[in-house]
Structures are given as C-alpha cells and as structure tokens.
$ cat target_18.csv   # CSV, C-alpha atoms and all ligand atoms
chain,number,residue,atom,x,y,z
A,1,MET,CA,-0.6,-2.7,-22.4
A,2,PRO,CA,-1.7,-6.0,-20.9
A,3,ARG,CA,0.0,-7.1,-17.7
A,4,PRO,CA,2.8,-9.5,-18.3
A,5,ARG,CA,2.8,-13.1,-17.0
A,6,LEU,CA,4.0,-13.2,-13.4
A,7,SER,CA,4.1,-15.3,-10.4
A,8,ALA,CA,3.4,-14.4,-6.8
A,9,GLU,CA,3.8,-16.2,-3.5
A,10,PHE,CA,3.2,-15.5,0.1
A,11,VAL,CA,6.6,-15.2,2.0
A,12,THR,CA,5.8,-14.5,5.6
A,13,SER,CA,3.7,-12.7,8.2
A,14,ALA,CA,6.2,-10.4,9.9
A,15,VAL,CA,5.5,-9.4,13.5
A,16,LYS,CA,8.8,-7.7,14.0
A,17,PRO,CA,11.4,-6.0,11.7
A,18,ALA,CA,13.8,-8.9,12.0
A,19,ASP,CA,11.1,-11.0,10.1
A,20,LEU,CA,11.3,-8.8,7.1
A,21,PRO,CA,13.2,-9.9,3.9
A,22,ARG,CA,16.9,-9.2,4.0
A,23,ASP,CA,18.0,-9.9,0.5
A,24,GLY,CA,17.8,-6.3,-0.6
A,25,ARG,CA,15.2,-6.7,-3.2
A,26,PRO,CA,13.0,-3.7,-3.9
A,27,GLU,CA,9.8,-3.3,-1.9
A,28,ILE,CA,6.4,-1.6,-2.4
A,29,ALA,CA,4.3,-1.1,0.7
A,30,LEU,CA,0.5,-1.1,0.6
A,31,ALA,CA,-1.2,0.9,3.3
A,32,GLY,CA,-4.8,1.9,4.1
A,33,ARG,CA,-7.7,1.5,6.4
A,34,SER,CA,-8.9,-1.9,7.4
A,35,ASN,CA,-11.4,-3.3,4.9
A,36,VAL,CA,-10.4,-0.9,2.1
A,37,GLY,CA,-9.8,-3.8,-0.2
A,38,LYS,CA,-6.0,-4.2,-0.1
A,39,SER,CA,-5.9,-8.0,0.0
A,40,SER,CA,-8.5,-8.3,-2.7
A,41,LEU,CA,-6.5,-5.9,-4.8
A,42,LEU,CA,-3.3,-7.8,-4.3
A,43,ASN,CA,-5.0,-11.0,-5.4
A,44,ALA,CA,-6.5,-9.3,-8.5
A,45,LEU,CA,-3.2,-7.7,-9.4
A,46,VAL,CA,-1.3,-11.0,-9.4
A,47,ARG,CA,-4.3,-13.0,-10.6
A,48,THR,CA,-3.8,-15.6,-7.8
A,49,ALA,CA,-5.4,-16.0,-4.5
A,50,VAL,CA,-2.2,-15.3,-2.5
A,51,ALA,CA,-3.8,-13.0,0.1
A,52,ARG,CA,-6.6,-13.7,2.5
A,53,THR,CA,-9.5,-11.4,2.3
A,54,SER,CA,-12.0,-10.7,5.0
A,55,SER,CA,-15.3,-9.1,5.6
A,56,THR,CA,-14.4,-8.5,9.2
A,57,PRO,CA,-12.5,-5.3,9.7
A,58,GLY,CA,-9.3,-5.0,11.7
A,59,LYS,CA,-8.2,-8.7,11.5
A,60,THR,CA,-4.8,-8.3,10.0
A,61,ARG,CA,-2.2,-7.4,12.7
A,62,GLN,CA,0.9,-8.5,10.9
A,63,VAL,CA,2.9,-7.2,8.0
A,64,ASN,CA,2.2,-9.7,5.2
A,65,VAL,CA,5.0,-10.1,2.7
A,66,TYR,CA,4.5,-11.3,-0.9
A,67,ARG,CA,7.2,-12.0,-3.5
A,68,VAL,CA,6.1,-11.0,-6.9
A,69,THR,CA,8.1,-12.1,-10.0
A,70,PRO,CA,7.2,-10.4,-13.2
A,71,GLY,CA,7.6,-12.5,-16.3
A,72,GLY,CA,11.2,-12.1,-17.4
A,73,GLY,CA,11.8,-9.5,-14.7
A,74,PHE,CA,13.4,-9.4,-11.3
A,75,PRO,CA,11.3,-10.2,-8.2
A,76,PHE,CA,10.2,-7.5,-5.8
A,77,TYR,CA,8.2,-7.6,-2.5
A,78,LEU,CA,4.7,-6.3,-1.9
A,79,ILE,CA,4.3,-5.5,1.7
A,80,ASP,CA,0.7,-5.5,3.0
A,81,LEU,CA,0.7,-3.3,6.1
A,82,PRO,CA,-1.8,-3.7,8.9
A,83,GLY,CA,-4.9,-1.6,8.2
A,84,TYR,CA,-5.6,1.4,10.4
A,85,GLY,CA,-8.9,2.9,11.4
A,86,HIS,CA,-9.9,0.1,13.7
A,87,THR,CA,-7.2,0.4,16.2
A,88,SER,CA,-7.4,2.1,19.5
A,89,GLY,CA,-4.9,3.5,22.0
A,90,GLY,CA,-2.2,5.9,20.8
A,91,ALA,CA,-3.0,5.4,17.2
A,92,LYS,CA,-3.6,9.1,16.5
A,93,ALA,CA,-0.2,10.1,17.9
A,94,ARG,CA,1.4,7.9,15.3
A,95,ALA,CA,-0.6,9.4,12.4
A,96,GLU,CA,-3.0,6.5,12.3
A,97,PHE,CA,-0.5,3.8,11.8
A,98,ASP,CA,0.0,1.2,14.4
A,99,GLY,CA,3.3,0.3,16.1
A,100,LEU,CA,4.2,-2.4,13.7
A,101,THR,CA,3.8,-0.1,10.7
A,102,SER,CA,5.8,2.6,12.3
A,103,LEU,CA,8.5,0.0,13.0
A,104,TYR,CA,8.4,-1.1,9.4
A,105,PHE,CA,9.1,2.5,8.2
A,106,GLU,CA,11.7,3.1,10.8
A,107,HIS,CA,13.5,-0.1,9.7
A,108,ARG,CA,13.2,0.6,6.0
A,109,ILE,CA,14.1,4.3,5.9
A,110,GLY,CA,15.8,4.9,9.2
A,111,LEU,CA,13.0,7.2,10.2
A,112,GLY,CA,13.8,9.2,13.4
A,113,SER,CA,16.8,7.1,14.5
A,114,HIS,CA,19.5,8.3,12.0
A,115,SER,CA,19.2,9.4,8.4
A,116,LEU,CA,16.1,11.7,8.5
A,117,GLU,CA,16.9,13.2,11.9
A,118,HIS,CA,20.3,14.2,10.8
A,119,GLY,CA,19.3,15.3,7.4
A,120,HIS,CA,21.2,12.7,5.5
A,121,PRO,CA,19.6,10.6,2.8
A,122,PRO,CA,20.3,6.8,3.1
A,123,ALA,CA,23.7,6.0,1.7
A,124,THR,CA,22.6,2.9,-0.2
A,125,ASP,CA,19.9,2.2,-2.7
A,126,PRO,CA,16.7,2.2,-0.7
A,127,VAL,CA,14.8,-1.1,-0.5
A,128,LEU,CA,11.5,0.7,-0.1
A,129,ARG,CA,10.7,2.1,-3.5
A,130,GLY,CA,7.2,3.4,-2.9
A,131,VAL,CA,4.1,3.4,-0.8
A,132,VAL,CA,0.6,3.0,-2.2
A,133,LEU,CA,-2.1,4.5,0.0
A,134,ALA,CA,-5.4,2.8,-0.6
A,135,ILE,CA,-8.6,4.8,0.1
A,136,ASP,CA,-12.2,3.7,-0.3
A,137,ALA,CA,-13.6,5.4,-3.4
A,138,ARG,CA,-16.9,5.8,-1.6
A,139,HIS,CA,-15.3,7.8,1.3
A,140,PRO,CA,-12.8,10.2,-0.1
A,141,GLY,CA,-11.1,12.7,2.3
A,142,LEU,CA,-11.5,10.9,5.6
A,143,ALA,CA,-9.4,12.6,8.2
A,144,SER,CA,-7.5,9.5,9.0
A,145,ASP,CA,-6.6,8.9,5.4
A,146,VAL,CA,-5.5,12.6,4.9
A,147,ARG,CA,-3.4,12.4,8.0
A,148,ALA,CA,-1.8,9.1,6.8
A,149,TRP,CA,-1.1,10.7,3.4
A,150,HIS,CA,0.6,13.7,4.9
A,151,TRP,CA,2.7,11.5,7.1
A,152,LEU,CA,3.7,9.4,4.1
A,153,ALA,CA,4.6,12.5,2.2
A,154,SER,CA,6.9,13.6,5.1
A,155,LEU,CA,8.9,10.4,4.7
A,156,GLY,CA,10.3,11.4,1.4
A,157,VAL,CA,9.4,8.0,-0.2
A,158,PRO,CA,7.4,8.0,-3.5
A,159,HIS,CA,3.8,7.6,-2.7
A,160,LEU,CA,0.7,6.9,-4.8
A,161,LEU,CA,-2.9,7.6,-4.0
A,162,MET,CA,-5.3,4.8,-5.0
A,163,ALA,CA,-9.1,4.6,-4.7
A,164,THR,CA,-10.5,1.1,-4.4
A,165,LYS,CA,-13.9,-0.4,-5.1
A,166,ILE,CA,-14.5,2.1,-8.0
A,167,ASP,CA,-17.0,-0.4,-9.4
A,168,LYS,CA,-19.4,0.9,-6.7
A,169,LEU,CA,-19.4,4.5,-8.0
A,170,SER,CA,-21.6,6.1,-10.7
A,171,GLN,CA,-20.0,8.5,-13.2
A,172,ALA,CA,-21.1,11.5,-11.3
A,173,GLU,CA,-19.6,10.0,-8.1
A,174,ARG,CA,-16.4,9.4,-9.9
A,175,ALA,CA,-16.1,13.0,-10.9
A,176,ARG,CA,-16.8,14.0,-7.3
A,177,LEU,CA,-14.1,11.6,-6.1
A,178,ALA,CA,-11.5,13.2,-8.2
A,179,THR,CA,-12.5,16.7,-7.1
A,180,THR,CA,-12.5,15.8,-3.4
A,181,CYS,CA,-9.1,14.1,-3.7
A,182,ARG,CA,-7.5,17.1,-5.4
A,183,GLN,CA,-8.7,19.2,-2.6
A,184,GLU,CA,-7.8,16.9,0.3
A,185,PHE,CA,-4.7,15.1,-1.1
A,186,GLY,CA,-3.5,17.4,-3.8
A,187,GLN,CA,-4.0,14.9,-6.6
A,188,ALA,CA,-6.6,12.7,-8.3
A,189,PRO,CA,-6.3,9.0,-7.3
A,190,LEU,CA,-5.5,6.1,-9.5
A,191,VAL,CA,-8.9,4.3,-9.5
A,192,VAL,CA,-9.1,0.5,-9.2
A,193,SER,CA,-11.5,-2.3,-8.8
A,194,ALA,CA,-10.5,-5.8,-7.7
A,195,LEU,CA,-14.0,-6.9,-8.8
A,196,ASP,CA,-13.9,-5.8,-12.5
A,197,GLY,CA,-10.2,-5.2,-13.0
A,198,THR,CA,-10.4,-1.4,-13.6
A,199,GLY,CA,-7.0,0.3,-13.2
A,200,LEU,CA,-5.0,-2.8,-12.6
A,201,ASP,CA,-2.9,-2.5,-15.7
A,202,GLU,CA,-2.1,1.1,-14.8
A,203,LEU,CA,-1.3,0.2,-11.2
A,204,TRP,CA,1.0,-2.6,-12.5
A,205,GLN,CA,2.9,-0.2,-14.7
A,206,GLN,CA,3.3,2.2,-11.8
A,207,LEU,CA,4.7,-0.6,-9.7
A,208,ARG,CA,7.1,-1.7,-12.4
A,209,GLY,CA,8.2,1.9,-12.8
A,210,LEU,CA,9.0,2.2,-9.1
A,211,THR,CA,10.8,-1.2,-8.8
A,212,GLY,CA,12.4,-1.6,-12.2
B,1,LIG,N1,-17.3,-4.1,-4.8
B,1,LIG,C1,-16.0,-4.3,-4.4
B,1,LIG,N2,-15.8,-4.9,-3.2
B,1,LIG,C2,-14.5,-5.1,-2.9
B,1,LIG,C3,-13.4,-4.7,-3.7
B,1,LIG,N3,-12.3,-5.0,-3.1
B,1,LIG,C4,-12.6,-5.6,-1.9
B,1,LIG,N4,-13.9,-5.6,-1.8
B,1,LIG,C5,-14.7,-6.1,-0.6
B,1,LIG,O1,-14.3,-5.4,0.6
B,1,LIG,C6,-14.1,-6.3,1.7
B,1,LIG,C7,-12.7,-6.1,2.3
B,1,LIG,O2,-11.8,-6.6,1.4
B,1,LIG,P1,-10.3,-7.0,1.8
B,1,LIG,O3,-9.5,-7.2,0.6
B,1,LIG,O4,-10.2,-8.1,2.8
B,1,LIG,O5,-9.8,-5.6,2.6
B,1,LIG,P2,-8.4,-5.4,3.4
B,1,LIG,O6,-8.8,-5.4,4.8
B,1,LIG,O7,-8.0,-4.0,3.0
B,1,LIG,O8,-7.4,-6.4,3.0
B,1,LIG,C8,-14.4,-7.7,1.2
B,1,LIG,O9,-15.8,-7.9,1.5
B,1,LIG,C9,-14.2,-7.6,-0.3
B,1,LIG,O10,-15.0,-8.5,-1.0
B,1,LIG,C10,-13.7,-4.1,-5.0
B,1,LIG,O11,-12.9,-3.7,-5.8
B,1,LIG,N5,-15.1,-3.9,-5.3
B,2,MG,MG,-6.2,-7.6,4.2
$ encode --input "target_18.csv" --output "structure tokens"
Amino acid sequence: MPRPRLSAEFVTSAVKPADLPRDGRPEIALAGRSNVGKSSLLNALVRTAVARTSSTPGKTRQVNVYRVTPGGGFPFYLIDLPGYGHTSGGAKARAEFDGLTSLYFEHRIGLGSHSLEHGHPPATDPVLRGVVLAIDARHPGLASDVRAWHWLASLGVPHLLMATKIDKLSQAERARLATTCRQEFGQAPLVVSALDGTGLDELWQQLRGLTG
C-alpha cells in the first residue's frame, strides 16, 4: 500500500519537559545511537527535508518534535530523541540514554515517580503510543543497543526494532542481521533505508497502527 499524502513540520527543539507538546495528541518516539540515520529516515518517511542530518556524530542534544499530519487523518508527533553512544559521564547508569531522554520518558509515562512505582497503569489514554529503536544494520547486537532495548521493554510501551541503512548490506549480510537480532533482541528488525526507500511503507503502516 503506498504511503498516503501527508504533511510534516518541525515544531520545536525541547530542552526540558515543559517544552513538549501539551495538546494530548499521540506521540511516537524515535531512539537510537548517534549517526544511526534517524533524521535521514524521518525526512524520507515524510518526503520533506524537515529534519537536519549530520555526518558529525553526537550533535543533537535536544528532543526535536515534528508534527505529522497524514492525509485525511489526525496529526501525531514524531519525537526525535537525542542519540546515545557518544555521550560520557553517567550514561551507562541510565541504560545509555541521556538525562533529557530519561526526563522525556519520566514525563510521558510517569516512570519512577508515580504510576510504575506503585504498579498502577496511567489513568488516561497515554500520549506516548510507541518507541522505535533504530539500530545500524551493519552493527547488530551492540551492547548499548541491547541495553537500550531492554530498558524500553521494561517501560511497558510498545516498541519496535528497526535496522537502518539496509542498502549497505548484501543478501547474506541481511540474513545474518535477522539471525543476530533474533538472538540479541528476541525479534527480527523492520529493515529500512532512507537512501532507497526500503521498508518505509511498512514503517508508515506500523506508525499509523500505533497512533490511529
Ligand atoms: N547508505 C545510507 N546512509 C544513510 C542512511 N540514512 C542515513 N545515512 C547517513 O548516515 C549519516 C547520519 O545520518 P543522520 O540522519 O544525521 O543520523 P542521526 O544522527 O541518527 O540523525 C549521514 O551521513 C547520512 O547520510 C541510509 O538509509 N543509507
Ligand atoms: Mg539526527
């Protein structure tokens, strides 16, 4: 099924939870190591250059918020989280994610402060509908990605494994990618390429399923 017409726009670079949208629209968060290709993917997905891409790892230190409006559908937010893997300090103690990302999840699902700690699910419809963890197809099973995946799994939010830059892999390497991911993450990834468009329709369907 071809992707429907849609529009997308940059909303804000959030540096604290108060900067996040407050209109209650559904959100999908995008996480992954720096330079994994999140911004390129976002641009390819919405077929507009809304996100800035970079060949210098570790540049994005804000939570970038995009509003995506599917043709004939209701808008949702795509939340581009700061990349991990190039941070220093207490990053490991926070399961690879930096302080702002942890704050984002705390804010969106009440992690630690109330609901999860006391065993209650959030009372209202959750704003955060799912998290996509992007991994580099050339480097499956990196310890930092596996730790991030398990941490996301512990949050109780739907999460999707996605391997980027699949255009760089041969058929044999693709088969190995699936095998490694099943071992390390417990599932084969959705494979995508911002370069040649592989997997974008399927990703789009998944996002619509989560937000619709
Ligand atoms: N071959 C290939 N290169 C990609 C793809 N996506 C991103 N890149 C390259 O990877 C680098 C990092 O991309 P970027 O989107 O800025 O990564 P981010 O840090 O995760 O946002 C850039 O040099 C991109 O051109 C892809 O699907 N295929
Ligand atoms: Mg980026």
$ residues_near_ligand --input "target_18.csv" --ligand "ligand MG 2 (chain B)" --cutoff "8 Å" --atoms "all atoms listed in the file" --output "PyMOL selection string"
chain A and resi 34-35+37-40+51-54+59-60+80+82-83
$ atom_distance --input "target_18.csv" --atom1 "CA of Tyr104 (chain A)" --atom2 "CA of Arg138 (chain A)"
28.4 Å
$ atom_distance --input "target_18.csv" --atom1 "CA of Pro126 (chain A)" --atom2 "CA of Pro17 (chain A)"
15.8 Å
$ closest_residue --input "target_18.csv" --among "A:Arg47, A:His107, A:Arg176, A:Lys168" --to "ligand LIG 1 (chain B)" --atoms "only C-alpha atoms and all ligand atoms"
A:Lys168
$ closest_residue --input "target_18.csv" --among "A:His150, A:Arg208, A:Arg67, A:His159" --to "Pro189 (chain A)" --atoms "all atoms listed in the file"
A:His159
$ residues_around --input "target_18.csv" --residues "Leu155 (chain A)" --least-positions-apart "3" --cutoff "10 Å" --atoms "only C-alpha atoms" --output "ChimeraX atom specification"
/A:105-106,109-111,116,150-152,158-159
$ closest_residue --input "target_18.csv" --among "A:Asp167, A:Asp136, A:Asp19, A:Glu184" --to "ligand LIG 1 (chain B)" --atoms "only C-alpha atoms and all ligand atoms"
A:Asp167
$ decode --input "target_18.csv" --residues "region 128-147 of chain A" --atoms "N, CA, C and O atoms" --output "PDB file, in the first residue's frame"
ATOM      1  N   LEU A 128       2.181   8.842  24.718  1.00  0.00           N
ATOM      2  CA  LEU A 128       3.246   8.085  24.058  1.00  0.00           C
ATOM      3  C   LEU A 128       2.720   6.722  23.627  1.00  0.00           C
ATOM      4  O   LEU A 128       2.444   5.856  24.454  1.00  0.00           O
ATOM      5  N   ARG A 129       2.596   6.534  22.322  1.00  0.00           N
ATOM      6  CA  ARG A 129       1.998   5.300  21.807  1.00  0.00           C
ATOM      7  C   ARG A 129       3.020   4.234  21.446  1.00  0.00           C
ATOM      8  O   ARG A 129       2.669   3.062  21.301  1.00  0.00           O
ATOM      9  N   GLY A 130       4.256   4.655  21.247  1.00  0.00           N
ATOM     10  CA  GLY A 130       5.253   3.655  20.884  1.00  0.00           C
ATOM     11  C   GLY A 130       6.630   4.266  20.733  1.00  0.00           C
ATOM     12  O   GLY A 130       6.763   5.480  20.573  1.00  0.00           O
ATOM     13  N   VAL A 131       7.645   3.403  20.829  1.00  0.00           N
ATOM     14  CA  VAL A 131       9.026   3.841  20.660  1.00  0.00           C
ATOM     15  C   VAL A 131       9.668   2.984  19.575  1.00  0.00           C
ATOM     16  O   VAL A 131       9.556   1.752  19.596  1.00  0.00           O
ATOM     17  N   VAL A 132      10.297   3.632  18.626  1.00  0.00           N
ATOM     18  CA  VAL A 132      11.040   2.928  17.602  1.00  0.00           C
ATOM     19  C   VAL A 132      12.518   3.013  17.958  1.00  0.00           C
ATOM     20  O   VAL A 132      13.053   4.106  18.117  1.00  0.00           O
ATOM     21  N   LEU A 133      13.167   1.852  18.143  1.00  0.00           N
ATOM     22  CA  LEU A 133      14.607   1.855  18.396  1.00  0.00           C
ATOM     23  C   LEU A 133      15.321   1.559  17.084  1.00  0.00           C
ATOM     24  O   LEU A 133      15.144   0.497  16.495  1.00  0.00           O
ATOM     25  N   ALA A 134      16.091   2.543  16.644  1.00  0.00           N
ATOM     26  CA  ALA A 134      16.843   2.394  15.395  1.00  0.00           C
ATOM     27  C   ALA A 134      18.231   1.844  15.684  1.00  0.00           C
ATOM     28  O   ALA A 134      18.940   2.361  16.544  1.00  0.00           O
ATOM     29  N   ILE A 135      18.595   0.779  14.979  1.00  0.00           N
ATOM     30  CA  ILE A 135      19.961   0.258  15.067  1.00  0.00           C
ATOM     31  C   ILE A 135      20.564   0.272  13.666  1.00  0.00           C
ATOM     32  O   ILE A 135      19.830   0.244  12.668  1.00  0.00           O
ATOM     33  N   ASP A 136      21.885   0.331  13.599  1.00  0.00           N
ATOM     34  CA  ASP A 136      22.577   0.330  12.312  1.00  0.00           C
ATOM     35  C   ASP A 136      22.644  -1.111  11.804  1.00  0.00           C
ATOM     36  O   ASP A 136      23.172  -1.990  12.489  1.00  0.00           O
ATOM     37  N   ALA A 137      22.101  -1.346  10.625  1.00  0.00           N
ATOM     38  CA  ALA A 137      22.042  -2.707  10.076  1.00  0.00           C
ATOM     39  C   ALA A 137      23.420  -3.351   9.984  1.00  0.00           C
ATOM     40  O   ALA A 137      23.543  -4.573  10.013  1.00  0.00           O
ATOM     41  N   ARG A 138      24.455  -2.533   9.898  1.00  0.00           N
ATOM     42  CA  ARG A 138      25.812  -3.079   9.765  1.00  0.00           C
ATOM     43  C   ARG A 138      26.384  -3.545  11.100  1.00  0.00           C
ATOM     44  O   ARG A 138      27.383  -4.250  11.141  1.00  0.00           O
ATOM     45  N   HIS A 139      25.752  -3.075  12.207  1.00  0.00           N
ATOM     46  CA  HIS A 139      26.293  -3.401  13.536  1.00  0.00           C
ATOM     47  C   HIS A 139      25.204  -3.913  14.476  1.00  0.00           C
ATOM     48  O   HIS A 139      24.898  -3.280  15.482  1.00  0.00           O
ATOM     49  N   PRO A 140      24.600  -5.061  14.153  1.00  0.00           N
ATOM     50  CA  PRO A 140      23.541  -5.566  15.027  1.00  0.00           C
ATOM     51  C   PRO A 140      24.102  -6.111  16.338  1.00  0.00           C
ATOM     52  O   PRO A 140      25.231  -6.615  16.369  1.00  0.00           O
ATOM     53  N   GLY A 141      23.342  -5.964  17.393  1.00  0.00           N
ATOM     54  CA  GLY A 141      23.718  -6.584  18.666  1.00  0.00           C
ATOM     55  C   GLY A 141      24.737  -5.820  19.484  1.00  0.00           C
ATOM     56  O   GLY A 141      25.338  -6.387  20.391  1.00  0.00           O
ATOM     57  N   LEU A 142      24.950  -4.530  19.167  1.00  0.00           N
ATOM     58  CA  LEU A 142      25.841  -3.730  20.019  1.00  0.00           C
ATOM     59  C   LEU A 142      25.290  -3.707  21.440  1.00  0.00           C
ATOM     60  O   LEU A 142      24.080  -3.571  21.642  1.00  0.00           O
ATOM     61  N   ALA A 143      26.194  -3.811  22.407  1.00  0.00           N
ATOM     62  CA  ALA A 143      25.754  -3.895  23.807  1.00  0.00           C
ATOM     63  C   ALA A 143      24.893  -2.687  24.186  1.00  0.00           C
ATOM     64  O   ALA A 143      23.889  -2.831  24.895  1.00  0.00           O
ATOM     65  N   SER A 144      25.264  -1.511  23.713  1.00  0.00           N
ATOM     66  CA  SER A 144      24.496  -0.314  24.080  1.00  0.00           C
ATOM     67  C   SER A 144      23.071  -0.380  23.528  1.00  0.00           C
ATOM     68  O   SER A 144      22.112   0.013  24.190  1.00  0.00           O
ATOM     69  N   ASP A 145      22.926  -0.904  22.318  1.00  0.00           N
ATOM     70  CA  ASP A 145      21.587  -1.037  21.728  1.00  0.00           C
ATOM     71  C   ASP A 145      20.761  -2.082  22.476  1.00  0.00           C
ATOM     72  O   ASP A 145      19.560  -1.900  22.689  1.00  0.00           O
ATOM     73  N   VAL A 146      21.403  -3.176  22.841  1.00  0.00           N
ATOM     74  CA  VAL A 146      20.686  -4.239  23.546  1.00  0.00           C
ATOM     75  C   VAL A 146      20.226  -3.743  24.919  1.00  0.00           C
ATOM     76  O   VAL A 146      19.083  -3.985  25.326  1.00  0.00           O
ATOM     77  N   ARG A 147      21.096  -2.991  25.599  1.00  0.00           N
ATOM     78  CA  ARG A 147      20.702  -2.413  26.894  1.00  0.00           C
ATOM     79  C   ARG A 147      19.536  -1.445  26.714  1.00  0.00           C
ATOM     80  O   ARG A 147      18.572  -1.458  27.486  1.00  0.00           O
TER      81      ARG A 147
END
